[in-house]
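Participant: Got a structure here, written out as structure tokens. Questions coming.
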2 protein chains.
Amino acid sequence: MLRTHNCNSLNIDNVGEIVTLCGWVQKTRDLGGMTFVDLRDRYGITQLAFDIKKNKLSCLEARSLNREFVVQVKGLVIERESKNNKIYTGAIEIEVNELTILNRSKTPPFTIEDNTDGGEELRMKYRYLDIRRKPIKDKLILRAKVSSETRKYLDKQGFIEVETPYLIKSTPEGARDFVVPSRMNEGQFYALPQSPQTFKQLLMVSGMDKYYQIVKCFRDEDLRSDRQPEFTQIDCEMSFVNQEEILNTFEGLTQHLLQTVKGIRPAKFPRLSYQDSIKKYGTDKPDLRFGMEIVEITQLCQKKDFSVFNESELVAGINVQGCANYSRKQLDKLIEFVKTPQIGTSGLIYCKFNEDNTTKSSVDKFFNEQDKKEWKEKANCKNGDLLIIMAGEKNKTQRALGALRLHLANQLNLRNPEKFAPVWIVDFPLLEWDEESKRYHAMHHPFTAPKNEDLVLLDKDPGNVRANAYDLVLNGNEIGGGSIRIHDKELQQLMFKHLGFSEREAKEQFGFLMEAFEYGAPPHGGIAFGFDRLCAIIGGQENIRDFIAFPKNNSGRDTMINSPSLLSQEQLDELSLDLKINK
Amino acid sequence: MLRTHNCNSLNIDNVGEIVTLCGWVQKTRDLGGMTFVDLRDRYGITQLAFDIKKNKLSCLEARSLNREFVVQVKGLVIERESKNNKIYTGAIEIEVNELTILNRSKTPPFTIEDNTDGGEELRMKYRYLDIRRKPIKDKLILRAKVSSETRKYLDKQGFIEVETPYLIKSTPEGARDFVVPSRMNEGQFYALPQSPQTFKQLLMVSGMDKYYQIVKCFRDEDLRSDRQPEFTQIDCEMSFVNQEEILNTFEGLTQHLLQTVKGIRPAKFPRLSYQDSIKKYGTDKPDLRFGMEIVEITQLCQKKDFSVFNESELVAGINVQGCANYSRKQLDKLIEFVKTPQIGTSGLIYCKFNEDNTTKSSVDKFFNEQDKKEWKEKANCKNGDLLIIMAGEKNKTQRALGALRLHLANQLNLRNPEKFAPVWIVDFPLLEWDEESKRYHAMHHPFTAPKNEDLVLLDKDPGNVRANAYDLVLNGNEIGGGSIRIHDKELQQLMFKHLGFSEREAKEQFGFLMEAFEYGAPPHGGIAFGFDRLCAIIGGQENIRDFIAFPKNNSGRDTMINSPSLLSQEQLDELSLDLKINK
């Protein structure tokens, strides 16, 4: 045995024991007669003490230790003189008798500390050193905990984990596939799954009843900072259920995770229709950790000569509490923000309700105190509050106010990472108008079931048909989404017709699933959680990268192993491939 | 709610309850006044009863139900007249009041019964129907259980599950990689991992201390019936441990699995050196569910004029208990077997020790009763036993006897699938002579640590250097294997030298791992279990395919989804690829 304990297992109760520890040298302090070393492993830190009077050789050796050397020490647990009550082992130290250097280390390219001096690029290249840092290590351990608790909950609910294949078939629609040339089937390719959607529906046809999997998925998209070419999903499907049972089951999962990982149990999750969510928050991913809801004041605003309001489909505002004291400069910055290309509006109107009961707005030329009083009441403002008003085309104005709402919440520190505000968004539209192809597309996917009561609208008002589709939103992030699927052949054919698929096209793209559905498909539905994001949100962060052990950069590269890379000519020949590169 | 109970949840205690069930029609029996339907779901079967006198409409509808129709029924739980005590629900039936057909089914291409009339090919094409069959479904559920119990055990032991990447880098050595062209990095490719070996060692460098993952791996090899291009591994690594601790930890895992999944707890696993295993069983994967050990009798056989024995490096036999009564025909079949190309020997010698104390051998011309008595004693034969003797070059003879031993055990039903005989094979040779390249190769991989005490042999007798490498063998199958890794830079360089790597080659192939090792690599080692095989063996089978939800055939094809398949020209263009096919 190389060690008797780990570096976080000894305390005052162990004083007098002879122990052996292993770990990395965090730091050494040479105080003349005494040399102290902080020894670190995954579990924690234990202080080693070397007394030059008692053991000169070890003490001299200890002085020569550099950061990140791997050592083994044997010694006596003694009580510390100056205790550190921030750590479990803070009351003791090891009076070292034997020191063995197990391995040396070059000086690491950045400090292995909670706050490192290493930049993003360097940390990625030496990710194995980055993971030695507590904040990163803890995030990976949290991820493992979320995974483990997810399985515990789903196992208990009777879900069966089934592994679906990774080498599957490329399908033309949707995002780009990563493909894998087949050597044994010349000229043919597998595709890596974008999700196990088809297979989980087949598992319902197979009678598996309740399926789950925590599984890697792949999408060859242009990357953003929060996207990875490979990502992990909690993928679930259930048979003989309606939407209500799915929502309850996965609300239960999310509560279980928040309880077991964070020690909090949120109340029953609110539900918000897609329409209401857009109306109140300008987004279908609302952050409910704070209020600042969008309030429509169109009627109250179109009584005067202000043409901007009069010509607008929607005039609406958000109440920024306690911000009537915003300076001209602060307001200008907000105007700048809403004019940025990603928001793309021409500006905003403000109205301050001052503490002294006076008001001040950027449209005082057009509106009097009575008008502003009406706004104040409608928007539930109090003295000291700032009302921000935007106007224009309805959708665009709502989205702009939604973006501004988040921007302000960030500024005002309203997005507390230790607070969790989950919400179900339900009643998503079934179809989405695509300007480019001038036709409706499935918002979720073509197997999503419409609401029975809306079927009558399919012909004359397709945009208003609602689906049995739902998203779980946590702190402004979509962490899960799913739907009840169509299991009825006639309804499916009707849907394909409305989505503009010919029978031949439908067969080409969804042939074997359609065939499977002819052999007794049960009513079924499911959900998938973005696992990387879920872990990040539970960990109180927005960036997913630190919750992935070995992430790729924005060019899809792993800079640590320097991948992707060139193949040898032999490999290309075996795969019957030629490169077609203009250089 | 579509159902109040599943099809395996009602018994005599529920009589009098109104229930709603959903499921598939297993079969219908029309007895004139009464129609009975067996309703099936994942959980079991419940009998439905339709009384023409009580509910004519439903009864007529029930008569029209075909196999695999999906139905929902509402009715009263009543006591059955003729009970079936083989199933949980056998004492009751549902007197159906309402019958709803949820979905129809075409007649399935094979019967959904324990013993189906469907051939392998048809079953694979309609795998979603095959999984409805209890034997297949149960295997997938067993797999989920093995997975779940593996995680429970490892979580409890402090292992952290870490997901390693799937899009990694192609390495020239070893088996062929599956590769993935990168669109964003023109002309470059990712590779799918053959195992997370490198990453798990990096995780040890990162201080993760104890890592595991149940993970898909990929190998582009020519397939055999028990090989799949994608397969699953339980992958583990530990720091600051020696071989003994690893063996104990994973012996514990295996015992936990056998106990929780099969309800048996085998005693401490025996350990056998590689040398002894070859000597006694002719293989490093011995099946210890039965004896029939190989006994060397060279000395006893080289005293006479029988040149075959006299010229042989090894003469050895196996005692086939109770088979002295084998007929000429049976013995000829054994001779035929050892002459097949995969065994490739020229024949065998037999000696019968009859119940009446007489003997009969195929070499009676050369050996007398006294000789045979000596053999009998050495091989521990009793009257009624059959001694099979083979002779020739040592390695080949051992392997042939090992193969014959298994062949006979199969014939004699000595390989009880409900019996479990695990064994650790230890002290593997570090190096393996390769006839083709005329040099030594690493038997495991170049990072495997040699035994310290054997290091002196590296120069003069490299073939006899033993490694800290081990396999776990269960019922004649290698289910796991691993080693202590080299963490010392100098030893690693020595190893590379002995494996014929130049410094440049070593750097090219293992560069970033070597670099990582310079930043304080801890002593570490690990193991990987072949998860598909482990499940099969625990399930009492040798063939892994039925333990995989959607396996591929011997050409690496998924015949259900018809993959791999051709790509569109647009896809190839985006990936800068041309096909180079002669047709």
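Each chain of the structure tokens is named A, B, ... in the order shown, its residues numbered from 1; ligands are numbered from 1 in display order.
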Within 7 Å of Gly347 (chain A), counting only C-alpha atoms, which residues qualify if same-chain residues fewer than 6 places away don't, as a PDB file with all heavy atoms, in the first residue's frame?
Facilitator:
```pdb
ATOM      1  N   ILE A 335     -29.264  52.649 -24.188  1.00  0.00           N
ATOM      2  CA  ILE A 335     -29.671  52.927 -25.568  1.00  0.00           C
ATOM      3  C   ILE A 335     -28.667  52.303 -26.537  1.00  0.00           C
ATOM      4  O   ILE A 335     -29.032  51.656 -27.521  1.00  0.00           O
ATOM      5  CB  ILE A 335     -29.803  54.451 -25.804  1.00  0.00           C
ATOM      6  CG1 ILE A 335     -30.979  54.976 -24.955  1.00  0.00           C
ATOM      7  CG2 ILE A 335     -30.027  54.771 -27.269  1.00  0.00           C
ATOM      8  CD1 ILE A 335     -31.114  56.488 -24.926  1.00  0.00           C
ATOM      9  N   VAL A 338     -29.364  48.556 -26.805  1.00  0.00           N
ATOM     10  CA  VAL A 338     -30.496  48.104 -27.625  1.00  0.00           C
ATOM     11  C   VAL A 338     -30.272  48.421 -29.109  1.00  0.00           C
ATOM     12  O   VAL A 338     -30.985  47.925 -29.969  1.00  0.00           O
ATOM     13  CB  VAL A 338     -31.859  48.684 -27.161  1.00  0.00           C
ATOM     14  CG1 VAL A 338     -32.149  48.252 -25.739  1.00  0.00           C
ATOM     15  CG2 VAL A 338     -31.916  50.191 -27.321  1.00  0.00           C
ATOM     16  N   LYS A 339     -29.270  49.264 -29.384  1.00  0.00           N
ATOM     17  CA  LYS A 339     -28.959  49.559 -30.780  1.00  0.00           C
ATOM     18  C   LYS A 339     -27.929  48.588 -31.367  1.00  0.00           C
ATOM     19  O   LYS A 339     -27.663  48.625 -32.567  1.00  0.00           O
ATOM     20  CB  LYS A 339     -28.433  50.993 -30.903  1.00  0.00           C
ATOM     21  CG  LYS A 339     -29.524  52.059 -30.839  1.00  0.00           C
ATOM     22  CD  LYS A 339     -28.901  53.442 -30.982  1.00  0.00           C
ATOM     23  CE  LYS A 339     -29.952  54.496 -31.317  1.00  0.00           C
ATOM     24  NZ  LYS A 339     -29.324  55.844 -31.392  1.00  0.00           N
TER      25      LYS A 339
END
```
Participant: Report as a PyMOL selection string the set of chain A residues whose atoms approach chain B to within 6 Å, with distances computed over only C-alpha atoms.
Facilitator: chain A and resi 2+42+68-70+103-106+128-129+131-132+144+161+169+179-180+188-190+202+206-208+240-241+518-520+563-566+576-580
Participant: Which residues, written as an mmCIF file with N, CA, C and O atoms, in the first residue's frame, have at least one atom at most 8 Å from Met495 (chain B), with only C-alpha atoms counted and residues fewer than 4 positions away on the same chain left out?
Facilitator:
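Output file part_24.cif follows:
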```
data_model
loop_
_atom_site.group_PDB
_atom_site.id
_atom_site.type_symbol
_atom_site.label_atom_id
_atom_site.label_comp_id
_atom_site.auth_asym_id
_atom_site.auth_seq_id
_atom_site.Cartn_x
_atom_site.Cartn_y
_atom_site.Cartn_z
ATOM 1 N N PRO B 446 2.910 -0.047 -24.392
ATOM 2 C CA PRO B 446 4.275 0.341 -24.009
ATOM 3 C C PRO B 446 4.374 0.994 -22.645
ATOM 4 O O PRO B 446 5.472 1.235 -22.169
ATOM 5 N N LEU B 491 12.582 4.872 -16.724
ATOM 6 C CA LEU B 491 12.136 3.506 -17.021
ATOM 7 C C LEU B 491 11.380 3.493 -18.354
ATOM 8 O O LEU B 491 11.533 2.582 -19.177
ATOM 9 N N LEU B 499 11.747 -1.629 -26.986
ATOM 10 C CA LEU B 499 10.686 -1.902 -27.955
ATOM 11 C C LEU B 499 11.076 -1.405 -29.343
ATOM 12 O O LEU B 499 10.298 -1.503 -30.288
#
```
Participant: Might you pull out every residue within 9 Å of Tyr350 (chain A), with only C-alpha atoms counted and same-chain residues fewer than 2 positions away left off, and present them as a PDB file with N, CA, C and O atoms, in the first residue's frame?
Facilitator:
```
ATOM      1  N   GLY A 317     -43.298  48.158 -21.698  1.00  0.00           N
ATOM      2  CA  GLY A 317     -42.200  48.610 -20.861  1.00  0.00           C
ATOM      3  C   GLY A 317     -41.815  47.602 -19.799  1.00  0.00           C
ATOM      4  O   GLY A 317     -42.515  46.604 -19.576  1.00  0.00           O
ATOM      5  N   LEU A 331     -28.204  55.816 -18.894  1.00  0.00           N
ATOM      6  CA  LEU A 331     -29.305  55.630 -19.834  1.00  0.00           C
ATOM      7  C   LEU A 331     -28.777  55.530 -21.270  1.00  0.00           C
ATOM      8  O   LEU A 331     -29.246  54.708 -22.067  1.00  0.00           O
ATOM      9  N   LEU A 348     -34.739  53.614 -27.124  1.00  0.00           N
ATOM     10  CA  LEU A 348     -35.744  53.358 -26.085  1.00  0.00           C
ATOM     11  C   LEU A 348     -36.199  54.675 -25.468  1.00  0.00           C
ATOM     12  O   LEU A 348     -35.546  55.712 -25.605  1.00  0.00           O
ATOM     13  N   LYS A 352     -38.631  58.295 -15.544  1.00  0.00           N
ATOM     14  CA  LYS A 352     -38.208  58.161 -14.150  1.00  0.00           C
ATOM     15  C   LYS A 352     -39.334  58.586 -13.217  1.00  0.00           C
ATOM     16  O   LYS A 352     -39.889  59.676 -13.386  1.00  0.00           O
ATOM     17  N   LYS A 360     -39.770  62.301 -14.840  1.00  0.00           N
ATOM     18  CA  LYS A 360     -38.928  62.834 -15.918  1.00  0.00           C
ATOM     19  C   LYS A 360     -38.849  61.754 -16.977  1.00  0.00           C
ATOM     20  O   LYS A 360     -38.452  60.629 -16.714  1.00  0.00           O
ATOM     21  N   SER A 361     -39.257  62.113 -18.203  1.00  0.00           N
ATOM     22  CA  SER A 361     -39.185  61.114 -19.260  1.00  0.00           C
ATOM     23  C   SER A 361     -38.579  61.728 -20.509  1.00  0.00           C
ATOM     24  O   SER A 361     -38.453  62.959 -20.617  1.00  0.00           O
ATOM     25  N   SER A 362     -38.193  60.882 -21.434  1.00  0.00           N
ATOM     26  CA  SER A 362     -37.613  61.373 -22.677  1.00  0.00           C
ATOM     27  C   SER A 362     -38.705  61.768 -23.679  1.00  0.00           C
ATOM     28  O   SER A 362     -38.418  62.151 -24.795  1.00  0.00           O
ATOM     29  N   VAL A 363     -39.995  61.642 -23.248  1.00  0.00           N
ATOM     30  CA  VAL A 363     -41.086  62.040 -24.138  1.00  0.00           C
ATOM     31  C   VAL A 363     -42.015  63.032 -23.426  1.00  0.00           C
ATOM     32  O   VAL A 363     -43.223  63.038 -23.670  1.00  0.00           O
ATOM     33  N   LEU A 386     -37.622  53.111 -12.410  1.00  0.00           N
ATOM     34  CA  LEU A 386     -37.367  53.584 -13.770  1.00  0.00           C
ATOM     35  C   LEU A 386     -38.172  52.718 -14.729  1.00  0.00           C
ATOM     36  O   LEU A 386     -38.072  51.494 -14.685  1.00  0.00           O
ATOM     37  N   LEU A 387     -38.970  53.362 -15.581  1.00  0.00           N
ATOM     38  CA  LEU A 387     -39.723  52.601 -16.577  1.00  0.00           C
ATOM     39  C   LEU A 387     -39.039  52.757 -17.923  1.00  0.00           C
ATOM     40  O   LEU A 387     -38.794  53.886 -18.364  1.00  0.00           O
ATOM     41  N   ILE A 388     -38.676  51.611 -18.511  1.00  0.00           N
ATOM     42  CA  ILE A 388     -38.072  51.641 -19.848  1.00  0.00           C
ATOM     43  C   ILE A 388     -39.140  51.191 -20.834  1.00  0.00           C
ATOM     44  O   ILE A 388     -39.753  50.141 -20.651  1.00  0.00           O
ATOM     45  N   ILE A 389     -39.352  52.005 -21.862  1.00  0.00           N
ATOM     46  CA  ILE A 389     -40.413  51.707 -22.822  1.00  0.00           C
ATOM     47  C   ILE A 389     -39.813  51.500 -24.205  1.00  0.00           C
ATOM     48  O   ILE A 389     -38.898  52.220 -24.618  1.00  0.00           O
ATOM     49  N   MET A 390     -40.295  50.462 -24.881  1.00  0.00           N
ATOM     50  CA  MET A 390     -39.885  50.276 -26.277  1.00  0.00           C
ATOM     51  C   MET A 390     -41.137  50.107 -27.117  1.00  0.00           C
ATOM     52  O   MET A 390     -42.195  49.712 -26.623  1.00  0.00           O
TER      53      MET A 390
END
```
Participant: Interatomic distance between CA of Cys59 (chain A) and CA of Ile112 (chain A)?
Facilitator: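 Separation of CA of Cys59 (chain A) and CA of Ile112 (chain A): 23.7 Å.
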Participant: Pull the helix (DSSP H, G or I) assignments for region 134-245 of chain B out of DSSP run on the backbone, and list those residues as a PyMOL selection string.
Facilitator: chain B and resi 134-156+197-205+243-245
Participant: Using N, CA, C and O atoms, can you write the selected residues to a file as a compact mmCIF listing (two decimals), in the first residue's frame?
Facilitator:
```txt
# COMPACT_ATOMS: atom_id res chain seq x y z
N LYS B 134 -39.46 -11.86 -24.79
CA LYS B 134 -38.95 -11.86 -23.42
C LYS B 134 -37.46 -12.19 -23.31
O LYS B 134 -36.74 -11.51 -22.56
N PRO B 135 -36.94 -13.20 -24.04
CA PRO B 135 -35.52 -13.52 -23.85
C PRO B 135 -34.60 -12.35 -24.22
O PRO B 135 -33.58 -12.13 -23.56
N ILE B 136 -34.95 -11.60 -25.25
CA ILE B 136 -34.11 -10.47 -25.65
C ILE B 136 -34.31 -9.31 -24.67
O ILE B 136 -33.35 -8.72 -24.18
N LYS B 137 -35.56 -9.00 -24.41
CA LYS B 137 -35.87 -7.91 -23.47
C LYS B 137 -35.16 -8.13 -22.14
O LYS B 137 -34.53 -7.23 -21.59
N ASP B 138 -35.23 -9.38 -21.63
CA ASP B 138 -34.61 -9.68 -20.34
C ASP B 138 -33.10 -9.48 -20.38
O ASP B 138 -32.49 -9.08 -19.38
N LYS B 139 -32.49 -9.77 -21.52
CA LYS B 139 -31.04 -9.58 -21.63
C LYS B 139 -30.69 -8.10 -21.56
O LYS B 139 -29.69 -7.71 -20.96
N LEU B 140 -31.50 -7.27 -22.19
CA LEU B 140 -31.23 -5.82 -22.14
C LEU B 140 -31.47 -5.27 -20.74
O LEU B 140 -30.75 -4.38 -20.28
N ILE B 141 -32.45 -5.82 -20.07
CA ILE B 141 -32.71 -5.38 -18.69
C ILE B 141 -31.57 -5.83 -17.78
O ILE B 141 -31.12 -5.10 -16.90
N LEU B 142 -31.08 -7.05 -18.02
CA LEU B 142 -29.93 -7.52 -17.25
C LEU B 142 -28.73 -6.61 -17.48
O LEU B 142 -28.03 -6.23 -16.54
N ARG B 143 -28.53 -6.21 -18.72
CA ARG B 143 -27.42 -5.31 -19.03
C ARG B 143 -27.54 -4.00 -18.23
O ARG B 143 -26.56 -3.51 -17.66
N ALA B 144 -28.75 -3.45 -18.21
CA ALA B 144 -28.97 -2.20 -17.47
C ALA B 144 -28.66 -2.41 -15.99
O ALA B 144 -28.09 -1.54 -15.32
N LYS B 145 -29.02 -3.58 -15.48
CA LYS B 145 -28.78 -3.89 -14.07
C LYS B 145 -27.27 -3.99 -13.80
O LYS B 145 -26.78 -3.47 -12.79
N VAL B 146 -26.55 -4.67 -14.69
CA VAL B 146 -25.10 -4.79 -14.51
C VAL B 146 -24.46 -3.40 -14.51
O VAL B 146 -23.60 -3.09 -13.69
N SER B 147 -24.91 -2.57 -15.44
CA SER B 147 -24.39 -1.21 -15.53
C SER B 147 -24.67 -0.44 -14.24
O SER B 147 -23.78 0.19 -13.66
N SER B 148 -25.90 -0.51 -13.80
CA SER B 148 -26.30 0.23 -12.62
C SER B 148 -25.54 -0.23 -11.37
O SER B 148 -25.07 0.57 -10.56
N GLU B 149 -25.37 -1.55 -11.24
CA GLU B 149 -24.67 -2.07 -10.06
C GLU B 149 -23.17 -1.76 -10.12
O GLU B 149 -22.52 -1.57 -9.10
N THR B 150 -22.62 -1.73 -11.33
CA THR B 150 -21.22 -1.35 -11.49
C THR B 150 -21.01 0.07 -10.97
O THR B 150 -20.08 0.34 -10.20
N ARG B 151 -21.90 0.97 -11.38
CA ARG B 151 -21.78 2.35 -10.94
C ARG B 151 -21.95 2.47 -9.43
O ARG B 151 -21.23 3.21 -8.77
N LYS B 152 -22.92 1.75 -8.90
CA LYS B 152 -23.16 1.82 -7.45
C LYS B 152 -21.90 1.44 -6.69
O LYS B 152 -21.49 2.12 -5.75
N TYR B 153 -21.29 0.33 -7.13
CA TYR B 153 -20.10 -0.16 -6.43
C TYR B 153 -18.96 0.85 -6.55
O TYR B 153 -18.32 1.20 -5.55
N LEU B 154 -18.72 1.31 -7.76
CA LEU B 154 -17.56 2.20 -7.97
C LEU B 154 -17.78 3.56 -7.32
O LEU B 154 -16.85 4.13 -6.74
N ASP B 155 -19.02 4.08 -7.38
CA ASP B 155 -19.33 5.34 -6.69
C ASP B 155 -19.00 5.20 -5.20
O ASP B 155 -18.38 6.07 -4.60
N LYS B 156 -19.41 4.08 -4.63
CA LYS B 156 -19.20 3.85 -3.21
C LYS B 156 -17.72 3.78 -2.85
O LYS B 156 -17.31 4.16 -1.76
N GLN B 197 -7.69 4.94 -23.00
CA GLN B 197 -6.42 4.69 -22.31
C GLN B 197 -5.63 5.97 -22.02
O GLN B 197 -5.28 6.25 -20.88
N THR B 198 -5.34 6.74 -23.07
CA THR B 198 -4.53 7.94 -22.88
C THR B 198 -5.21 8.91 -21.92
O THR B 198 -4.59 9.46 -21.01
N PHE B 199 -6.51 9.10 -22.14
CA PHE B 199 -7.22 10.09 -21.32
C PHE B 199 -7.31 9.66 -19.87
O PHE B 199 -7.25 10.47 -18.95
N LYS B 200 -7.44 8.35 -19.63
CA LYS B 200 -7.55 7.97 -18.23
C LYS B 200 -6.20 8.14 -17.54
O LYS B 200 -6.16 8.50 -16.37
N GLN B 201 -5.12 7.94 -18.29
CA GLN B 201 -3.81 8.19 -17.68
C GLN B 201 -3.62 9.69 -17.43
O GLN B 201 -3.08 10.09 -16.40
N LEU B 202 -4.10 10.52 -18.36
CA LEU B 202 -4.05 11.97 -18.13
C LEU B 202 -4.86 12.37 -16.91
O LEU B 202 -4.48 13.28 -16.17
N LEU B 203 -5.98 11.68 -16.71
CA LEU B 203 -6.80 12.00 -15.53
C LEU B 203 -6.06 11.66 -14.24
O LEU B 203 -6.27 12.30 -13.20
N MET B 204 -5.21 10.65 -14.30
CA MET B 204 -4.39 10.35 -13.12
C MET B 204 -3.36 11.46 -12.93
O MET B 204 -3.14 11.93 -11.80
N VAL B 205 -2.75 11.93 -14.02
CA VAL B 205 -1.82 13.06 -13.92
C VAL B 205 -2.56 14.28 -13.35
O VAL B 205 -2.00 15.08 -12.61
N GLN B 243 -0.50 -3.38 -7.63
CA GLN B 243 -1.33 -4.38 -8.31
C GLN B 243 -2.34 -5.02 -7.35
O GLN B 243 -3.50 -5.23 -7.69
N GLU B 244 -1.88 -5.30 -6.15
CA GLU B 244 -2.71 -5.99 -5.17
C GLU B 244 -4.01 -5.22 -4.91
O GLU B 244 -5.10 -5.80 -4.85
N GLU B 245 -3.91 -3.90 -4.75
CA GLU B 245 -5.10 -3.11 -4.45
C GLU B 245 -6.06 -3.07 -5.64
O GLU B 245 -7.28 -3.05 -5.47
```
Participant: Would you return as a PyMOL selection string the members of region 55-304 of chain B that DSSP assigns to strand (DSSP E) on this structure's backbone?
Facilitator: chain B and resi 70-79+92-103+160-161+179-181+189-191+210-218+230-239+271-273+294-296
Participant: Show which residues sit within 8 Å of region 417-432 of chain B, as a ChimeraX atom specification. Count only C-alpha atoms, and ignore same-chain residues fewer than 3 positions away.
Facilitator: /B:266,269-275,277,284-285,287-289,440-444,448-450,462-475,537,539-541
Participant: Please identify all polymer residues within 12 Å of Gln342 (chain A), counting only C-alpha atoms, omitting same-chain residues fewer than 3 positions from it, and present them as a ChimeraX atom specification.
Facilitator: /A:336-339,345,396,399-400,403-404
